Amino acid sequence: MRRAGRAIHMAPTLGGSFEECPPSLLDFAARDRRWCQGNLQHLAVLPARGLYWISRLHLLTGIGSYLTAPLWLLFLLLGILISLQAQFVRPEYFSKGFSLFPKWPAQDPVLAAWVFGGTMGLLIVPKILAYVLLLTQRDNRRAFGGVRALAGIVIETLLSALIAPVMMIFQSTAVGEILLGRDSGWQVQRRDDGGVTPRELYRKYAAPTLCGVAMALSAYAVSVPLFLCTSPVILGLLLAIPLGFATSAGSRPGGLFATPEETAPPHVLLRANELAAVPGPLPTDALSTLRGDPATLKHHLDSIAPRVGRMRGQIDHHLAVARAKIDDAETFEEAVGYLTMRETAAVLNDRPMLERMMTMALGVTSNLR
């Protein structure tokens with residue numbers, strides 16, 4: 001869109017759109033696996049001609065968000081291996097050739113402290129700024145609970161620190177599978193209460209747990225200080241299964257992590273829940289739904305954008321095939337059965353064809369009477 005000359009703007013205050021988060025950490029990892037594959041596929045888009053630099057930077061940011069996981073894992077593994085080598089292999093401070101001075105291992109604790117401080121700043125400062133902004137907005141401050149939101153931020157930061165090593169293993173595995181050509185597919189995302197069977201938890205979290213055990217033994221074999229330095233990562237990996245149990249329950253309205261849409265749902269969400277709770281089978285297709293609900297049909301017809309003039313020779317083949325199938329059908333139900341998903345979508349976006357389908361439905365009804 002940017003390359004086509006359109007301006008792109010972020011609209012963070014635009015409301016009226018809702019999406020539930022995955023109900024468990026495993027569901028989150030499954031969705032993250034699909035996103036990882038999509039972002040890594042952008043590597044093929046980066047060399048495309050005509051992209052603005054901000055678009056390339058946007059793509060690189062998405063790609064880097066997943067490549068950092070295997071880089072972090074590689075950093076930890078190399079650090080522990082170097083420490084094991086220094087502990088159990090005799091160091092050579094003098095090279096085999098002639099040298100007057102030894103070659104001491106290079107260490108820069110000041111630079112390491114700056115790297116640690118910068119990393120913590122990138123992780124924590126945005127949350128602090130978001131809370132400060134929340135305090136300046138009276139309605140949002142009340143909706144999120146004011147001081148309660150601060151407690152939620154603190155607990156969420158601690159939980160995120162424990163979950164991060166587990167996601168590091170999941171994302172590193174995903175990157176490896178994608179580079180090997182394994183497609184994740186696009187399964188339907190679960191939106192229920194997030195219940196996960198113990199067998200699935202043990203199977204999925206076995207790899208992070210074993211990585212935590214191996215890392216703990218290796219670090220402790222070097223020294224207790226190294227074990228303590230890596231304890232945040234080790235603790236998160238060792239607690240992978242308990243964290244899986246804890247996150248599979250999901251948040252509850254009124255809790256520290258509840259959003260305003262949970263504590264005071266807007267009307268559109270209440271109505272959606274009411275419709276979802278209606279007993280009995282729902283219509284299997286949109287055309288049948290519109291036929292049985294005149295009010296919804298009217299709203300849908302009013303929402304269809306007017307068709308602009310097309311150039312001769314430009315044919316919507318899905319709509320053309322749908323028109324031929326509708327002409328060949330004798331009843332509304334028969335026409336619905338003929339149409340594919342794409343052809344149905346074409347009919348739903350074309351006012352004359354949709355009105356024709358509804359007229360066919362009325363004609364069948366009158367004949368039956």
# chains A, B, ... in the order shown; residues from 1 in each chain; ligands from 1
>>> residues_around(residues="Leu46 in chain A", least_positions_apart="3", cutoff="12 Å", atoms="only C-alpha atoms", output="list in words")
Asn39, Leu40, Gln41, His42, Leu43, Arg49, Gly50, Leu51, Tyr52, Trp53, Ile54, Ser55, Arg56, Leu57, His58, Leu59, Leu60, Thr61, Gly62 and Ile63 of chain A
>>> residues_around(residues="range 5-17 of chain A", least_positions_apart="5", cutoff="10 Å", atoms="only C-alpha atoms", output="short mmCIF file (atom, residue, chain, number, x, y, z; two decimals) with C-alpha atoms, in the first residue's frame")
data_model
loop_
_atom_site.label_atom_id
_atom_site.label_comp_id
_atom_site.auth_asym_id
_atom_site.auth_seq_id
_atom_site.Cartn_x
_atom_site.Cartn_y
_atom_site.Cartn_z
CA PRO A 266 -19.60 -3.37 25.49
CA VAL A 268 -21.66 -5.66 20.82
CA LEU A 269 -19.75 -8.28 22.84
#
>>> select_by_dssp(residues="range 326-365 of chain A", states="helix (DSSP H, G or I)", output="PyMOL selection string")
chain A and resi 326-328+332-338+341-348+351-365
>>> closest_residue(among="A:Ala345, A:Ile163, A:Leu319, A:Met360", to="Phe332 in chain A", atoms="only C-alpha atoms")
A:Met360
>>> closest_residue(among="A:Ser248, A:Thr359, A:Thr157, A:Ser172", to="Leu74 in chain A", atoms="only C-alpha atoms")
A:Ser172
>>> atom_distance(atom1="CA of Phe257 in chain A", atom2="CA of Phe144 in chain A")
8.9 Å
>>> closest_atom_pairs(of="range 61-139 of chain A", to="range 230-246 of chain A", cutoff="12 Å", atoms="only C-alpha atoms", output="JSON lines")
{"residue": "A:Trp72", "atom": "CA", "partner": "A:Val233", "partner_atom": "CA", "distance": 10.9}
{"residue": "A:Leu73", "atom": "CA", "partner": "A:Val233", "partner_atom": "CA", "distance": 10.3}
{"residue": "A:Phe75", "atom": "CA", "partner": "A:Thr230", "partner_atom": "CA", "distance": 11.9}
{"residue": "A:Leu76", "atom": "CA", "partner": "A:Thr230", "partner_atom": "CA", "distance": 8.7}
{"residue": "A:Leu77", "atom": "CA", "partner": "A:Thr230", "partner_atom": "CA", "distance": 11.2}
{"residue": "A:Gly79", "atom": "CA", "partner": "A:Thr230", "partner_atom": "CA", "distance": 10.3}
{"residue": "A:Ile80", "atom": "CA", "partner": "A:Thr230", "partner_atom": "CA", "distance": 9.5}
>>> atom_distance(atom1="CA of Tyr66 in chain A", atom2="CA of Ile128 in chain A")
24.3 Å
>>> atom_distance(atom1="CA of Glu177 in chain A", atom2="CA of Gly64 in chain A")
16.7 Å
>>> closest_residue(among="A:Leu162, A:Ile155, A:Ala113, A:Ala174", to="Arg31 in chain A", atoms="only C-alpha atoms")
A:Ala174
>>> closest_residue(among="A:Arg356, A:Lys204, A:Arg90, A:Arg312", to="Val166 in chain A", atoms="only C-alpha atoms")
A:Lys204
>>> residues_around(residues="Arg182 in chain A", least_positions_apart="6", cutoff="12 Å", atoms="only C-alpha atoms", output="PDB file with N, CA and C atoms, in the first residue's frame")
ATOM      1  N   ARG A  33       3.897 -19.625  16.150  1.00  0.00           N
ATOM      2  CA  ARG A  33       4.573 -20.423  15.120  1.00  0.00           C
ATOM      3  C   ARG A  33       4.121 -19.992  13.724  1.00  0.00           C
ATOM      4  N   ARG A  34       2.834 -19.721  13.566  1.00  0.00           N
ATOM      5  CA  ARG A  34       2.331 -19.263  12.264  1.00  0.00           C
ATOM      6  C   ARG A  34       2.871 -17.874  11.940  1.00  0.00           C
ATOM      7  N   GLN A  37       6.497 -18.058  10.818  1.00  0.00           N
ATOM      8  CA  GLN A  37       6.654 -18.462   9.421  1.00  0.00           C
ATOM      9  C   GLN A  37       6.342 -17.305   8.484  1.00  0.00           C
ATOM     10  N   THR A 173      12.926 -23.591  17.955  1.00  0.00           N
ATOM     11  CA  THR A 173      12.480 -24.787  17.239  1.00  0.00           C
ATOM     12  C   THR A 173      11.698 -24.411  15.989  1.00  0.00           C
ATOM     13  N   ALA A 174      10.834 -23.387  16.116  1.00  0.00           N
ATOM     14  CA  ALA A 174      10.037 -22.955  14.964  1.00  0.00           C
ATOM     15  C   ALA A 174      10.919 -22.433  13.845  1.00  0.00           C
ATOM     16  N   VAL A 175      11.918 -21.632  14.180  1.00  0.00           N
ATOM     17  CA  VAL A 175      12.823 -21.093  13.161  1.00  0.00           C
ATOM     18  C   VAL A 175      13.563 -22.226  12.454  1.00  0.00           C
ATOM     19  N   GLY A 176      14.027 -23.211  13.224  1.00  0.00           N
ATOM     20  CA  GLY A 176      14.710 -24.350  12.617  1.00  0.00           C
ATOM     21  C   GLY A 176      13.807 -25.127  11.680  1.00  0.00           C
TER      22      GLY A 176
END
>>> residues_around(residues="Thr331 in chain A", least_positions_apart="3", cutoff="8 Å", atoms="only C-alpha atoms", output="PyMOL selection string")
chain A and resi 334-335+360-361+364
>>> decode(residues="range 318-330 of chain A", atoms="N, CA and C atoms", output="short mmCIF file (atom, residue, chain, number, x, y, z; two decimals), in the first residue's frame")
data_model
loop_
_atom_site.label_atom_id
_atom_site.label_comp_id
_atom_site.auth_asym_id
_atom_site.auth_seq_id
_atom_site.Cartn_x
_atom_site.Cartn_y
_atom_site.Cartn_z
N HIS A 318 -15.15 -15.44 -10.31
CA HIS A 318 -15.93 -16.09 -9.25
C HIS A 318 -17.39 -15.66 -9.34
N LEU A 319 -17.62 -14.37 -9.57
CA LEU A 319 -18.99 -13.89 -9.69
C LEU A 319 -19.64 -14.42 -10.97
N ALA A 320 -18.88 -14.53 -12.05
CA ALA A 320 -19.43 -15.04 -13.30
C ALA A 320 -19.84 -16.49 -13.17
N VAL A 321 -18.99 -17.29 -12.53
CA VAL A 321 -19.34 -18.71 -12.32
C VAL A 321 -20.53 -18.83 -11.39
N ALA A 322 -20.58 -17.98 -10.35
CA ALA A 322 -21.72 -18.01 -9.43
C ALA A 322 -23.01 -17.67 -10.16
N ARG A 323 -22.98 -16.68 -11.06
CA ARG A 323 -24.17 -16.32 -11.81
C ARG A 323 -24.65 -17.48 -12.68
N ALA A 324 -23.70 -18.20 -13.30
CA ALA A 324 -24.07 -19.34 -14.13
C ALA A 324 -24.68 -20.46 -13.29
N LYS A 325 -24.13 -20.70 -12.12
CA LYS A 325 -24.67 -21.76 -11.26
C LYS A 325 -26.06 -21.39 -10.75
N ILE A 326 -26.25 -20.11 -10.40
CA ILE A 326 -27.56 -19.67 -9.92
C ILE A 326 -28.59 -19.79 -11.04
N ASP A 327 -28.21 -19.47 -12.28
CA ASP A 327 -29.12 -19.62 -13.42
C ASP A 327 -29.51 -21.07 -13.62
N ASP A 328 -28.59 -21.97 -13.29
CA ASP A 328 -28.84 -23.39 -13.52
C ASP A 328 -29.63 -24.03 -12.39
N ALA A 329 -29.72 -23.35 -11.26
CA ALA A 329 -30.41 -23.92 -10.09
C ALA A 329 -31.90 -23.63 -10.18
N GLU A 330 -32.70 -24.53 -9.61
CA GLU A 330 -34.15 -24.37 -9.60
C GLU A 330 -34.66 -23.86 -8.25
#
